[in-house]
>>> print(open('structure_15.cif').read())   # mmCIF, C-alpha atoms
data_entry
loop_
_atom_site.group_PDB
_atom_site.id
_atom_site.type_symbol
_atom_site.label_atom_id
_atom_site.label_comp_id
_atom_site.auth_asym_id
_atom_site.auth_seq_id
_atom_site.Cartn_x
_atom_site.Cartn_y
_atom_site.Cartn_z
ATOM 1 C CA MET A 873 0.000 0.000 0.000
ATOM 2 C CA ASP A 874 1.080 3.554 -0.721
ATOM 3 C CA GLU A 875 1.097 4.883 2.860
ATOM 4 C CA GLU A 876 1.854 8.482 1.909
ATOM 5 C CA ARG A 877 -0.954 8.545 -0.666
ATOM 6 C CA ILE A 878 -3.478 7.314 1.903
ATOM 7 C CA LYS A 879 -2.352 9.825 4.525
ATOM 8 C CA GLY A 880 -2.453 12.605 1.958
ATOM 9 C CA ALA A 881 -5.959 11.671 0.826
ATOM 10 C CA VAL A 882 -7.229 11.641 4.418
ATOM 11 C CA ALA A 883 -5.535 14.943 5.214
ATOM 12 C CA ALA A 884 -7.155 16.492 2.146
ATOM 13 C CA VAL A 885 -10.657 15.884 3.573
ATOM 14 C CA ALA A 886 -10.005 16.031 7.330
ATOM 15 C CA GLY A 887 -6.955 18.242 7.772
ATOM 16 C CA THR A 888 -5.428 17.870 11.217
ATOM 17 C CA ARG A 889 -8.559 16.226 12.618
ATOM 18 C CA ALA A 890 -7.478 12.749 11.473
ATOM 19 C CA THR A 891 -4.556 10.522 12.444
ATOM 20 C CA VAL A 892 -3.712 7.556 10.192
ATOM 21 C CA ARG A 893 -1.897 4.393 11.246
ATOM 22 C CA ILE A 894 -1.121 1.572 8.809
ATOM 23 C CA ASP A 895 -0.041 -1.936 9.831
ATOM 24 C CA GLY A 896 0.319 -4.282 6.905
ATOM 25 C CA ARG A 897 -3.106 -4.498 5.261
ATOM 26 C CA ARG A 898 -4.822 -2.787 8.195
ATOM 27 C CA ILE A 899 -5.639 0.915 8.092
ATOM 28 C CA GLY A 900 -6.722 2.691 11.266
ATOM 29 C CA VAL A 901 -7.973 6.282 11.312
ATOM 30 C CA VAL A 902 -8.861 8.273 14.431
ATOM 31 C CA VAL A 903 -11.016 11.326 13.682
ATOM 32 C CA ASP A 904 -11.469 14.165 16.161
ATOM 33 C CA ALA A 905 -15.022 15.533 15.720
ATOM 34 C CA SER A 906 -14.950 17.946 18.665
ATOM 35 C CA GLY A 907 -17.278 20.910 18.175
ATOM 36 C CA LEU A 908 -19.109 19.411 15.185
ATOM 37 C CA ASP A 909 -22.837 18.753 15.126
ATOM 38 C CA ASN A 910 -24.189 15.338 14.118
ATOM 39 C CA GLN A 911 -24.591 16.164 10.437
ATOM 40 C CA ALA A 912 -21.074 17.555 10.107
ATOM 41 C CA ARG A 913 -19.620 14.655 12.085
ATOM 42 C CA ASP A 914 -21.321 12.068 9.871
ATOM 43 C CA ALA A 915 -20.199 13.887 6.725
ATOM 44 C CA LEU A 916 -16.600 14.021 7.968
ATOM 45 C CA GLU A 917 -16.590 10.316 8.820
ATOM 46 C CA ALA A 918 -18.004 9.419 5.380
ATOM 47 C CA SER A 919 -15.351 11.534 3.627
ATOM 48 C CA VAL A 920 -12.562 9.926 5.646
ATOM 49 C CA ARG A 921 -13.827 6.422 4.893
ATOM 50 C CA MET A 922 -13.939 7.175 1.187
ATOM 51 C CA ALA A 923 -10.447 8.679 1.212
ATOM 52 C CA ALA A 924 -8.899 5.812 3.207
ATOM 53 C CA THR A 925 -10.577 2.883 1.470
ATOM 54 C CA VAL A 926 -8.111 0.589 -0.305
ATOM 55 C CA PRO A 927 -9.104 -2.672 -2.075
ATOM 56 C CA ASP A 928 -8.414 -5.811 -0.010
ATOM 57 C CA ALA A 929 -7.400 -3.736 3.038
ATOM 58 C CA GLU A 930 -9.147 -3.721 6.428
ATOM 59 C CA LEU A 931 -10.267 -0.206 7.378
ATOM 60 C CA ARG A 932 -11.269 0.938 10.859
ATOM 61 C CA VAL A 933 -12.399 4.532 11.511
ATOM 62 C CA VAL A 934 -12.906 5.713 15.102
ATOM 63 C CA VAL A 935 -14.619 9.059 15.693
ATOM 64 C CA THR A 936 -13.905 10.800 18.983
ATOM 65 C CA ALA A 937 -15.058 14.106 20.453
ATOM 66 C CA GLU A 938 -14.325 16.046 23.581
ATOM 67 C CA ARG A 939 -17.420 16.747 25.626
ATOM 68 C CA GLN A 940 -18.714 20.210 24.780
ATOM 69 C CA GLN A 941 -18.542 22.518 27.774
ATOM 70 C CA ARG A 942 -21.898 24.224 28.027
ATOM 71 C CA ARG A 943 -23.125 26.873 30.398
ATOM 72 C CA LEU A 944 -26.594 26.467 31.822
ATOM 73 C CA ILE A 945 -28.883 29.380 32.603
ATOM 74 C CA ALA A 946 -31.689 28.400 34.970
ATOM 75 C CA VAL A 947 -34.877 30.433 34.569
ATOM 76 C CA ALA A 948 -36.866 30.081 37.778
ATOM 77 C CA SER A 949 -39.744 31.495 39.772
ATOM 78 C CA GLY A 950 -41.121 30.848 43.197
ATOM 79 C CA LYS A 951 -44.640 30.251 41.897
ATOM 80 C CA GLY A 952 -46.492 29.457 38.697
ATOM 81 C CA GLY A 953 -48.381 31.802 36.441
ATOM 82 C CA VAL A 954 -45.759 34.553 36.287
ATOM 83 C CA GLY A 955 -44.744 33.999 32.648
ATOM 84 C CA LYS A 956 -41.515 32.093 33.281
ATOM 85 C CA SER A 957 -41.864 29.819 30.245
ATOM 86 C CA THR A 958 -42.589 32.730 27.914
ATOM 87 C CA LEU A 959 -39.544 34.543 29.270
ATOM 88 C CA SER A 960 -37.394 31.394 28.835
ATOM 89 C CA ALA A 961 -38.380 30.891 25.200
ATOM 90 C CA ASN A 962 -37.868 34.518 24.255
ATOM 91 C CA LEU A 963 -34.603 34.773 26.212
ATOM 92 C CA ALA A 964 -33.221 31.738 24.341
ATOM 93 C CA ILE A 965 -34.218 33.186 20.967
ATOM 94 C CA ALA A 966 -32.865 36.651 21.777
ATOM 95 C CA LEU A 967 -29.539 35.161 22.940
ATOM 96 C CA ALA A 968 -29.322 33.173 19.696
ATOM 97 C CA ARG A 969 -30.054 36.294 17.658
ATOM 98 C CA GLY A 970 -27.215 37.947 19.557
ATOM 99 C CA GLY A 971 -24.731 35.331 18.345
ATOM 100 C CA ARG A 972 -24.752 32.604 21.002
ATOM 101 C CA ARG A 973 -25.351 28.942 20.136
ATOM 102 C CA VAL A 974 -28.341 28.236 22.353
ATOM 103 C CA GLY A 975 -30.459 25.213 23.236
ATOM 104 C CA LEU A 976 -33.667 25.225 25.295
ATOM 105 C CA VAL A 977 -34.537 22.618 27.943
ATOM 106 C CA ASP A 978 -38.145 22.551 29.130
ATOM 107 C CA ALA A 979 -37.630 21.136 32.619
ATOM 108 C CA ASP A 980 -41.172 22.041 33.688
ATOM 109 C CA ILE A 981 -41.950 18.332 33.792
ATOM 110 C CA TYR A 982 -45.583 18.596 34.908
ATOM 111 C CA GLY A 983 -46.566 21.628 32.826
ATOM 112 C CA PRO A 984 -44.433 21.642 29.661
ATOM 113 C CA SER A 985 -45.437 24.476 27.331
ATOM 114 C CA GLN A 986 -42.314 25.072 25.248
ATOM 115 C CA PRO A 987 -43.358 22.914 22.242
ATOM 116 C CA ARG A 988 -46.278 25.284 21.641
ATOM 117 C CA LEU A 989 -44.294 28.426 22.399
ATOM 118 C CA MET A 990 -41.542 27.357 19.977
ATOM 119 C CA GLY A 991 -43.897 26.230 17.212
ATOM 120 C CA VAL A 992 -43.019 22.505 17.232
ATOM 121 C CA GLU A 993 -46.066 20.902 18.860
ATOM 122 C CA GLY A 994 -46.504 17.272 17.855
ATOM 123 C CA ILE A 995 -42.878 16.731 16.776
ATOM 124 C CA ARG A 996 -41.166 14.009 18.781
ATOM 125 C CA PRO A 997 -37.391 13.895 19.356
ATOM 126 C CA GLU A 998 -35.409 10.917 18.095
ATOM 127 C CA ALA A 999 -32.733 9.026 19.988
ATOM 128 C CA ARG A 1000 -29.344 7.808 18.813
ATOM 129 C CA ASP A 1001 -27.558 5.218 20.946
ATOM 130 C CA LYS A 1002 -30.061 6.019 23.733
ATOM 131 C CA VAL A 1003 -29.139 9.731 23.601
ATOM 132 C CA LEU A 1004 -31.939 12.182 22.805
ATOM 133 C CA MET A 1005 -31.621 14.393 19.731
ATOM 134 C CA PRO A 1006 -33.182 17.837 20.298
ATOM 135 C CA VAL A 1007 -35.938 18.986 17.956
ATOM 136 C CA GLN A 1008 -34.974 21.851 15.681
ATOM 137 C CA THR A 1009 -37.303 24.848 15.890
ATOM 138 C CA PRO A 1010 -38.029 27.604 13.340
ATOM 139 C CA TYR A 1011 -36.037 30.054 15.464
ATOM 140 C CA GLY A 1012 -32.589 28.437 15.434
ATOM 141 C CA VAL A 1013 -32.924 27.150 19.014
ATOM 142 C CA PRO A 1014 -33.122 23.335 19.400
ATOM 143 C CA LEU A 1015 -35.564 22.143 22.066
ATOM 144 C CA LEU A 1016 -36.166 19.202 24.357
ATOM 145 C CA SER A 1017 -39.330 19.052 26.440
ATOM 146 C CA MET A 1018 -41.323 16.416 28.270
ATOM 147 C CA GLY A 1019 -44.238 17.794 26.248
ATOM 148 C CA GLN A 1020 -42.659 16.160 23.183
ATOM 149 C CA LEU A 1021 -42.525 12.740 24.840
ATOM 150 C CA VAL A 1022 -46.019 12.288 26.302
ATOM 151 C CA GLU A 1023 -49.453 12.354 24.716
ATOM 152 C CA PRO A 1024 -51.178 15.783 24.765
ATOM 153 C CA GLY A 1025 -53.408 16.221 27.808
ATOM 154 C CA ARG A 1026 -51.963 13.209 29.596
ATOM 155 C CA ALA A 1027 -51.163 13.669 33.293
ATOM 156 C CA LEU A 1028 -47.570 12.885 34.232
ATOM 157 C CA ALA A 1029 -47.762 11.362 37.716
ATOM 158 C CA TRP A 1030 -44.065 10.918 38.430
ATOM 159 C CA ARG A 1031 -42.189 10.985 41.696
ATOM 160 C CA GLY A 1032 -38.949 12.863 42.289
ATOM 161 C CA PRO A 1033 -36.378 10.290 41.063
ATOM 162 C CA MET A 1034 -38.175 9.902 37.730
ATOM 163 C CA THR A 1035 -38.354 13.639 37.131
ATOM 164 C CA ALA A 1036 -34.670 13.979 38.021
ATOM 165 C CA GLY A 1037 -33.835 11.217 35.534
ATOM 166 C CA ALA A 1038 -35.847 12.920 32.788
ATOM 167 C CA LEU A 1039 -34.073 16.214 33.451
ATOM 168 C CA GLY A 1040 -30.683 14.477 33.216
ATOM 169 C CA GLN A 1041 -31.563 12.903 29.853
ATOM 170 C CA MET A 1042 -32.561 16.276 28.438
ATOM 171 C CA VAL A 1043 -29.541 18.187 29.741
ATOM 172 C CA ASP A 1044 -27.141 15.441 28.601
ATOM 173 C CA ALA A 1045 -28.711 15.127 25.145
ATOM 174 C CA GLU A 1046 -26.845 15.573 21.855
ATOM 175 C CA TRP A 1047 -26.816 19.374 21.747
ATOM 176 C CA GLY A 1048 -24.133 19.561 19.074
ATOM 177 C CA ILE A 1049 -22.333 22.903 19.005
ATOM 178 C CA ALA A 1050 -24.643 24.638 21.495
ATOM 179 C CA ASP A 1051 -22.584 26.520 24.078
ATOM 180 C CA THR A 1052 -25.495 27.743 26.216
ATOM 181 C CA LEU A 1053 -28.585 25.931 27.507
ATOM 182 C CA VAL A 1054 -31.534 27.924 28.811
ATOM 183 C CA VAL A 1055 -33.375 25.698 31.302
ATOM 184 C CA ASP A 1056 -37.031 26.496 31.980
ATOM 185 C CA LEU A 1057 -37.490 25.173 35.528
ATOM 186 C CA PRO A 1058 -40.862 24.379 37.095
ATOM 187 C CA PRO A 1059 -42.129 26.769 39.760
ATOM 188 C CA GLY A 1060 -41.165 26.169 43.369
ATOM 189 C CA THR A 1061 -38.092 24.827 45.131
ATOM 190 C CA GLY A 1062 -38.495 21.048 44.891
ATOM 191 C CA ASP A 1063 -36.791 17.974 43.420
ATOM 192 C CA VAL A 1064 -36.175 19.292 39.919
ATOM 193 C CA GLN A 1065 -34.600 22.506 41.191
ATOM 194 C CA LEU A 1066 -32.396 20.623 43.660
ATOM 195 C CA THR A 1067 -31.265 18.185 40.964
ATOM 196 C CA MET A 1068 -30.427 21.083 38.685
ATOM 197 C CA VAL A 1069 -28.281 22.959 41.197
ATOM 198 C CA GLN A 1070 -26.581 19.867 42.644
ATOM 199 C CA LYS A 1071 -25.944 17.726 39.568
ATOM 200 C CA HIS A 1072 -25.946 20.053 36.567
ATOM 201 C CA ARG A 1073 -24.679 23.226 38.235
ATOM 202 C CA PRO A 1074 -26.044 26.259 36.340
ATOM 203 C CA ALA A 1075 -23.693 29.142 35.608
ATOM 204 C CA GLY A 1076 -26.391 31.456 36.928
ATOM 205 C CA ALA A 1077 -30.112 31.914 37.453
ATOM 206 C CA VAL A 1078 -32.662 34.389 36.127
ATOM 207 C CA ILE A 1079 -35.621 34.883 38.472
ATOM 208 C CA VAL A 1080 -39.026 35.880 37.076
ATOM 209 C CA SER A 1081 -41.813 37.496 39.090
ATOM 210 C CA THR A 1082 -44.831 39.706 38.631
ATOM 211 C CA PRO A 1083 -44.837 42.965 40.633
ATOM 212 C CA GLN A 1084 -47.439 41.800 43.151
ATOM 213 C CA ASP A 1085 -46.397 41.077 46.722
ATOM 214 C CA LEU A 1086 -47.588 37.439 46.743
ATOM 215 C CA ALA A 1087 -45.418 36.562 43.740
ATOM 216 C CA LEU A 1088 -42.422 38.375 45.193
ATOM 217 C CA ILE A 1089 -42.665 36.408 48.442
ATOM 218 C CA ASP A 1090 -42.120 33.213 46.458
ATOM 219 C CA ALA A 1091 -39.511 34.799 44.180
ATOM 220 C CA ARG A 1092 -37.440 35.545 47.289
ATOM 221 C CA ARG A 1093 -37.610 31.842 48.182
ATOM 222 C CA ALA A 1094 -36.263 30.934 44.743
ATOM 223 C CA ILE A 1095 -33.453 33.458 45.162
ATOM 224 C CA ASP A 1096 -32.654 31.971 48.565
ATOM 225 C CA LEU A 1097 -32.451 28.447 47.107
ATOM 226 C CA PHE A 1098 -29.842 29.470 44.539
ATOM 227 C CA ASP A 1099 -27.959 31.583 47.068
ATOM 228 C CA LYS A 1100 -27.649 28.625 49.432
ATOM 229 C CA ALA A 1101 -26.484 26.401 46.588
ATOM 230 C CA GLY A 1102 -23.844 28.921 45.536
ATOM 231 C CA VAL A 1103 -25.443 29.592 42.134
ATOM 232 C CA PRO A 1104 -25.116 33.270 41.180
ATOM 233 C CA ILE A 1105 -28.281 35.253 40.483
ATOM 234 C CA ILE A 1106 -27.901 36.880 37.080
ATOM 235 C CA GLY A 1107 -30.855 39.118 37.809
ATOM 236 C CA LEU A 1108 -34.573 39.564 38.373
ATOM 237 C CA VAL A 1109 -37.166 40.198 35.650
ATOM 238 C CA GLU A 1110 -40.494 41.876 36.378
ATOM 239 C CA ASN A 1111 -43.128 40.349 34.088
ATOM 240 C CA MET A 1112 -46.688 41.575 33.400
ATOM 241 C CA ALA A 1113 -45.501 45.034 34.421
ATOM 242 C CA GLY A 1114 -48.107 47.554 33.348
ATOM 243 C CA TYR A 1115 -50.927 47.361 30.827
ATOM 244 C CA VAL A 1116 -51.398 49.907 28.070
ATOM 245 C CA CYS A 1117 -55.011 50.148 26.908
ATOM 246 C CA PRO A 1118 -55.045 49.633 23.114
ATOM 247 C CA HIS A 1119 -58.027 51.991 22.798
ATOM 248 C CA CYS A 1120 -57.210 55.003 24.979
ATOM 249 C CA GLY A 1121 -53.521 54.544 25.672
ATOM 250 C CA GLU A 1122 -53.942 54.789 29.436
ATOM 251 C CA VAL A 1123 -51.430 52.802 31.486
ATOM 252 C CA SER A 1124 -52.679 50.748 34.431
ATOM 253 C CA ASP A 1125 -50.914 48.385 36.813
ATOM 254 C CA PRO A 1126 -53.236 45.451 37.638
ATOM 255 C CA PHE A 1127 -50.400 43.575 39.390
ATOM 256 C CA GLY A 1128 -48.777 46.603 40.982
ATOM 257 C CA SER A 1129 -45.625 48.389 39.878
ATOM 258 C CA GLY A 1130 -41.952 48.309 40.741
ATOM 259 C CA GLY A 1131 -42.082 45.483 43.271
ATOM 260 C CA ALA A 1132 -39.500 43.306 41.507
ATOM 261 C CA GLU A 1133 -37.086 46.199 41.055
ATOM 262 C CA ALA A 1134 -37.392 47.069 44.745
ATOM 263 C CA THR A 1135 -36.803 43.422 45.679
ATOM 264 C CA ALA A 1136 -33.707 43.284 43.477
ATOM 265 C CA ARG A 1137 -32.368 46.485 44.972
ATOM 266 C CA ALA A 1138 -32.997 45.270 48.529
ATOM 267 C CA GLY A 1139 -31.264 41.958 47.787
ATOM 268 C CA GLY A 1140 -28.312 43.524 46.013
ATOM 269 C CA ILE A 1141 -28.971 41.705 42.735
ATOM 270 C CA PRO A 1142 -29.295 43.165 39.222
ATOM 271 C CA PHE A 1143 -32.691 44.182 37.901
ATOM 272 C CA LEU A 1144 -32.853 43.040 34.265
ATOM 273 C CA GLY A 1145 -35.973 44.896 33.206
ATOM 274 C CA ARG A 1146 -39.732 44.797 32.778
ATOM 275 C CA VAL A 1147 -41.922 42.941 30.298
ATOM 276 C CA PRO A 1148 -45.349 44.562 29.881
ATOM 277 C CA LEU A 1149 -48.721 42.856 30.176
ATOM 278 C CA ASP A 1150 -49.316 42.967 26.428
ATOM 279 C CA ILE A 1151 -51.987 41.066 24.519
ATOM 280 C CA ALA A 1152 -49.649 40.960 21.503
ATOM 281 C CA ILE A 1153 -47.121 38.913 23.508
ATOM 282 C CA ARG A 1154 -49.863 36.548 24.656
ATOM 283 C CA THR A 1155 -51.382 35.982 21.198
ATOM 284 C CA ALA A 1156 -47.983 35.560 19.515
ATOM 285 C CA SER A 1157 -46.884 33.072 22.175
ATOM 286 C CA ASP A 1158 -50.085 31.021 21.850
ATOM 287 C CA ALA A 1159 -49.499 30.905 18.090
ATOM 288 C CA GLY A 1160 -45.932 29.616 18.466
ATOM 289 C CA GLN A 1161 -44.431 32.892 17.241
ATOM 290 C CA PRO A 1162 -42.256 34.251 20.091
ATOM 291 C CA PRO A 1163 -41.920 38.055 19.913
ATOM 292 C CA ALA A 1164 -38.136 37.857 20.371
ATOM 293 C CA ALA A 1165 -37.873 36.406 16.859
ATOM 294 C CA ASP A 1166 -39.241 39.669 15.452
ATOM 295 C CA GLU A 1167 -36.825 42.372 14.303
ATOM 296 C CA GLY A 1168 -38.876 44.938 16.202
ATOM 297 C CA ASP A 1169 -38.606 43.194 19.578
ATOM 298 C CA ARG A 1170 -38.030 45.714 22.348
ATOM 299 C CA ALA A 1171 -39.181 43.662 25.336
ATOM 300 C CA PHE A 1172 -36.773 40.710 25.439
ATOM 301 C CA ALA A 1173 -33.672 41.820 23.518
ATOM 302 C CA PRO A 1174 -32.503 44.243 26.266
ATOM 303 C CA ILE A 1175 -32.880 41.506 28.899
ATOM 304 C CA ALA A 1176 -30.943 39.024 26.750
ATOM 305 C CA ALA A 1177 -28.202 41.594 26.171
ATOM 306 C CA GLN A 1178 -27.691 41.916 29.923
ATOM 307 C CA VAL A 1179 -27.626 38.134 30.360
ATOM 308 C CA ALA A 1180 -25.097 37.803 27.518
ATOM 309 C CA ASP A 1181 -22.964 40.527 29.081
ATOM 310 C CA TRP A 1182 -23.091 38.716 32.445
ATOM 311 C CA LEU A 1183 -21.979 35.456 30.774
ATOM 312 C CA SER A 1184 -19.091 37.246 29.075
ATOM 313 C CA ARG A 1185 -17.927 38.792 32.348
ATOM 314 C CA ASN A 1186 -18.279 35.598 34.399
#
>>> encode(input="structure_15.cif", output="structure tokens")
Amino acid sequence: MDEERIKGAVAAVAGTRATVRIDGRRIGVVVDASGLDNQARDALEASVRMAATVPDAELRVVVTAERQQRRLIAVASGKGGVGKSTLSANLAIALARGGRRVGLVDADIYGPSQPRLMGVEGIRPEARDKVLMPVQTPYGVPLLSMGQLVEPGRALAWRGPMTAGALGQMVDAEWGIADTLVVDLPPGTGDVQLTMVQKHRPAGAVIVSTPQDLALIDARRAIDLFDKAGVPIIGLVENMAGYVCPHCGEVSDPFGSGGAEATARAGGIPFLGRVPLDIAIRTASDAGQPPAADEGDRAFAPIAAQVADWLSRN
């Protein structure tokens, strides 16, 4: 066999990613696929096999990859109904529009809503070698959600260990080149939150609350959970903050005003901004068209910019 020709042919398609060893009629190639998504990895392997194939020779190609280091952003709230899932979806999209490679994990096991928010209801993820493959969405943010794995309307009566296992499968899925995972946590401070902070260790947490006192009481509990676990609080978002009448233009505050900002100031944590109580956000979200995907988005892009800046500085 012409050893130099084989090595040259492999180098022509794989560059420095491939190492060739030849022993008699046996050809071994080790390919480093670190940082490549599944499609690129498969294409590289196919090209290497074609380049290294020699008649009557035994060819073995091994593809390796270093585990991608990803940073997790936990989006949490002390109670339900404060718009945490909507904020998570739009934050992920806005971060992706800002240049980050983002995936979205819907860890709200009992109330998964991300498949609808992201416009991929009814599409089930596939698995390769028992590893889940995230579903691609129209907004450049791959998604995994328990809502993709169970029948619509079916109650998920799982105990803590099962929910923790499901969360682990989603976080450890084949996220390809994603460098950031936004994790939409369920409300409260229970098993899923504890598993997240203890096993998967978020880089930081974004807390979502409405301005009303009852929501802020629970938001403080969520902040306390992350503080005790040593997970930094990226900041607090005040959702449903003010309603502008579409007919007369008058601004009202059905949930109060400024409570989240005051809580952030009192706790010494950043205040990331307000998202208004806007029927346009609600209707777009129900239709699977997150407002952050729109060029004219002014609600979520400033929040994402602050989160991206925090990630860059930490």
>>> resolve_selection(input="structure_15.cif", expression="the PyMOL selection byres ((chain A and resi 930) around 8)", output="PyMOL selection string")
chain A and resi 897-899+928-929+931-932
>>> residues_around(input="structure_15.cif", residues="A:Thr888", least_positions_apart="3", cutoff="12 Å", atoms="all atoms listed in the file", output="PyMOL selection string")
chain A and resi 879-880+882-885+891-892+901-905
>>> resolve_selection(input="structure_15.cif", expression="the PyMOL selection byres ((chain A and resi 910-916) around 9)", output="PyMOL selection string")
chain A and resi 885-886+903+905-906+908-909+917-921+935+1046+1048
>>> residues_near_point(input="structure_15.cif", point="(-44.8, 28.1, 44.0)", cutoff="8 Å", atoms="all atoms listed in the file", output="PDB file with C-alpha atoms, keeping the file's coordinate frame")
ATOM      1  CA  SER A 949     -39.744  31.495  39.772  1.00  0.00           C
ATOM      2  CA  GLY A 950     -41.121  30.848  43.197  1.00  0.00           C
ATOM      3  CA  LYS A 951     -44.640  30.251  41.897  1.00  0.00           C
ATOM      4  CA  GLY A 952     -46.492  29.457  38.697  1.00  0.00           C
ATOM      5  CA  PRO A1059     -42.129  26.769  39.760  1.00  0.00           C
ATOM      6  CA  GLY A1060     -41.165  26.169  43.369  1.00  0.00           C
ATOM      7  CA  THR A1061     -38.092  24.827  45.131  1.00  0.00           C
ATOM      8  CA  ASP A1090     -42.120  33.213  46.458  1.00  0.00           C
TER       9      ASP A1090
END
>>> residues_around(input="structure_15.cif", residues="stretch 1079-1083 of chain A", least_positions_apart="4", cutoff="8 Å", atoms="all atoms listed in the file", output="VMD selection string")
chain A and resid 947 to 950 954 to 956 959 1087 to 1088 1091 1094 to 1095 1105 1107 to 1113 1127 to 1132
>>> write_last_selection(input="structure_15.cif", atoms="C-alpha atoms", output="mmCIF file, keeping the file's coordinate frame")
data_model
loop_
_atom_site.group_PDB
_atom_site.id
_atom_site.type_symbol
_atom_site.label_atom_id
_atom_site.label_comp_id
_atom_site.auth_asym_id
_atom_site.auth_seq_id
_atom_site.Cartn_x
_atom_site.Cartn_y
_atom_site.Cartn_z
ATOM 1 C CA VAL A 947 -34.877 30.433 34.569
ATOM 2 C CA ALA A 948 -36.866 30.081 37.778
ATOM 3 C CA SER A 949 -39.744 31.495 39.772
ATOM 4 C CA GLY A 950 -41.121 30.848 43.197
ATOM 5 C CA VAL A 954 -45.759 34.553 36.287
ATOM 6 C CA GLY A 955 -44.744 33.999 32.648
ATOM 7 C CA LYS A 956 -41.515 32.093 33.281
ATOM 8 C CA LEU A 959 -39.544 34.543 29.270
ATOM 9 C CA ALA A 1087 -45.418 36.562 43.740
ATOM 10 C CA LEU A 1088 -42.422 38.375 45.193
ATOM 11 C CA ALA A 1091 -39.511 34.799 44.180
ATOM 12 C CA ALA A 1094 -36.263 30.934 44.743
ATOM 13 C CA ILE A 1095 -33.453 33.458 45.162
ATOM 14 C CA ILE A 1105 -28.281 35.253 40.483
ATOM 15 C CA GLY A 1107 -30.855 39.118 37.809
ATOM 16 C CA LEU A 1108 -34.573 39.564 38.373
ATOM 17 C CA VAL A 1109 -37.166 40.198 35.650
ATOM 18 C CA GLU A 1110 -40.494 41.876 36.378
ATOM 19 C CA ASN A 1111 -43.128 40.349 34.088
ATOM 20 C CA MET A 1112 -46.688 41.575 33.400
ATOM 21 C CA ALA A 1113 -45.501 45.034 34.421
ATOM 22 C CA PHE A 1127 -50.400 43.575 39.390
ATOM 23 C CA GLY A 1128 -48.777 46.603 40.982
ATOM 24 C CA SER A 1129 -45.625 48.389 39.878
ATOM 25 C CA GLY A 1130 -41.952 48.309 40.741
ATOM 26 C CA GLY A 1131 -42.082 45.483 43.271
ATOM 27 C CA ALA A 1132 -39.500 43.306 41.507
#
>>> resolve_selection(input="structure_15.cif", expression="the PyMOL selection byres ((chain A and resi 963-978) around 7)", output="ChimeraX atom specification")
/A:959-962,979-980,984,986,1011,1013-1018,1042-1043,1049-1057,1164-1165,1172-1173,1176,1180
>>> closest_residue(input="structure_15.cif", among="A:Tyr1115, A:Ala937, A:Ala1134, A:Leu944", to="A:Lys1071", atoms="all atoms listed in the file")
A:Leu944
>>> axis_aligned_box(input="structure_15.cif", around="stretch 883-898 of chain A", padding_each_side="5 Å", output="JSON")
{"center_x": -5.2, "center_y": 6.9, "center_z": 7.4, "size_x": 21.0, "size_y": 32.7, "size_z": 20.5}
>>> closest_residue(input="structure_15.cif", among="A:Ala1156, A:Trp1047, A:Val1007, A:Asp1125", to="A:Gln941", atoms="only C-alpha atoms")
A:Trp1047
>>> closest_residue(input="structure_15.cif", among="A:Asp1085, A:Glu876, A:Glu1167, A:Asp1158", to="A:Glu993", atoms="all atoms listed in the file")
A:Asp1158
>>> closest_residue(input="structure_15.cif", among="A:Asp895, A:Asp1044, A:Leu1086, A:Asp1150", to="A:Val1123", atoms="all atoms listed in the file")
A:Asp1150
>>> atom_distance(input="structure_15.cif", atom1="atom CA of A:Val992", atom2="atom CA of A:Thr1067")
26.8 Å
>>> closest_residue(input="structure_15.cif", among="A:Val1003, A:Leu1144, A:Ala1171, A:Met1034", to="A:Ala1077", atoms="all atoms listed in the file")
A:Leu1144
>>> residues_around(input="structure_15.cif", residues="A:Arg996", least_positions_apart="5", cutoff="12 Å", atoms="all atoms listed in the file", output="short mmCIF file (atom, residue, chain, number, x, y, z; two decimals) with C-alpha atoms, in the frame of the given file")
data_model
loop_
_atom_site.label_atom_id
_atom_site.label_comp_id
_atom_site.auth_asym_id
_atom_site.auth_seq_id
_atom_site.Cartn_x
_atom_site.Cartn_y
_atom_site.Cartn_z
CA PRO A 987 -43.36 22.91 22.24
CA LEU A 1004 -31.94 12.18 22.80
CA MET A 1005 -31.62 14.39 19.73
CA PRO A 1006 -33.18 17.84 20.30
CA VAL A 1007 -35.94 18.99 17.96
CA GLN A 1008 -34.97 21.85 15.68
CA THR A 1009 -37.30 24.85 15.89
CA LEU A 1015 -35.56 22.14 22.07
CA LEU A 1016 -36.17 19.20 24.36
CA SER A 1017 -39.33 19.05 26.44
CA MET A 1018 -41.32 16.42 28.27
CA GLY A 1019 -44.24 17.79 26.25
CA GLN A 1020 -42.66 16.16 23.18
CA LEU A 1021 -42.52 12.74 24.84
CA VAL A 1022 -46.02 12.29 26.30
CA GLU A 1023 -49.45 12.35 24.72
CA PRO A 1024 -51.18 15.78 24.76
#
>>> atom_distance(input="structure_15.cif", atom1="atom CA of A:Glu875", atom2="atom CA of A:Arg893")
8.9 Å
>>> atom_distance(input="structure_15.cif", atom1="atom CA of A:Ile945", atom2="atom CA of A:Gln1065")
12.4 Å
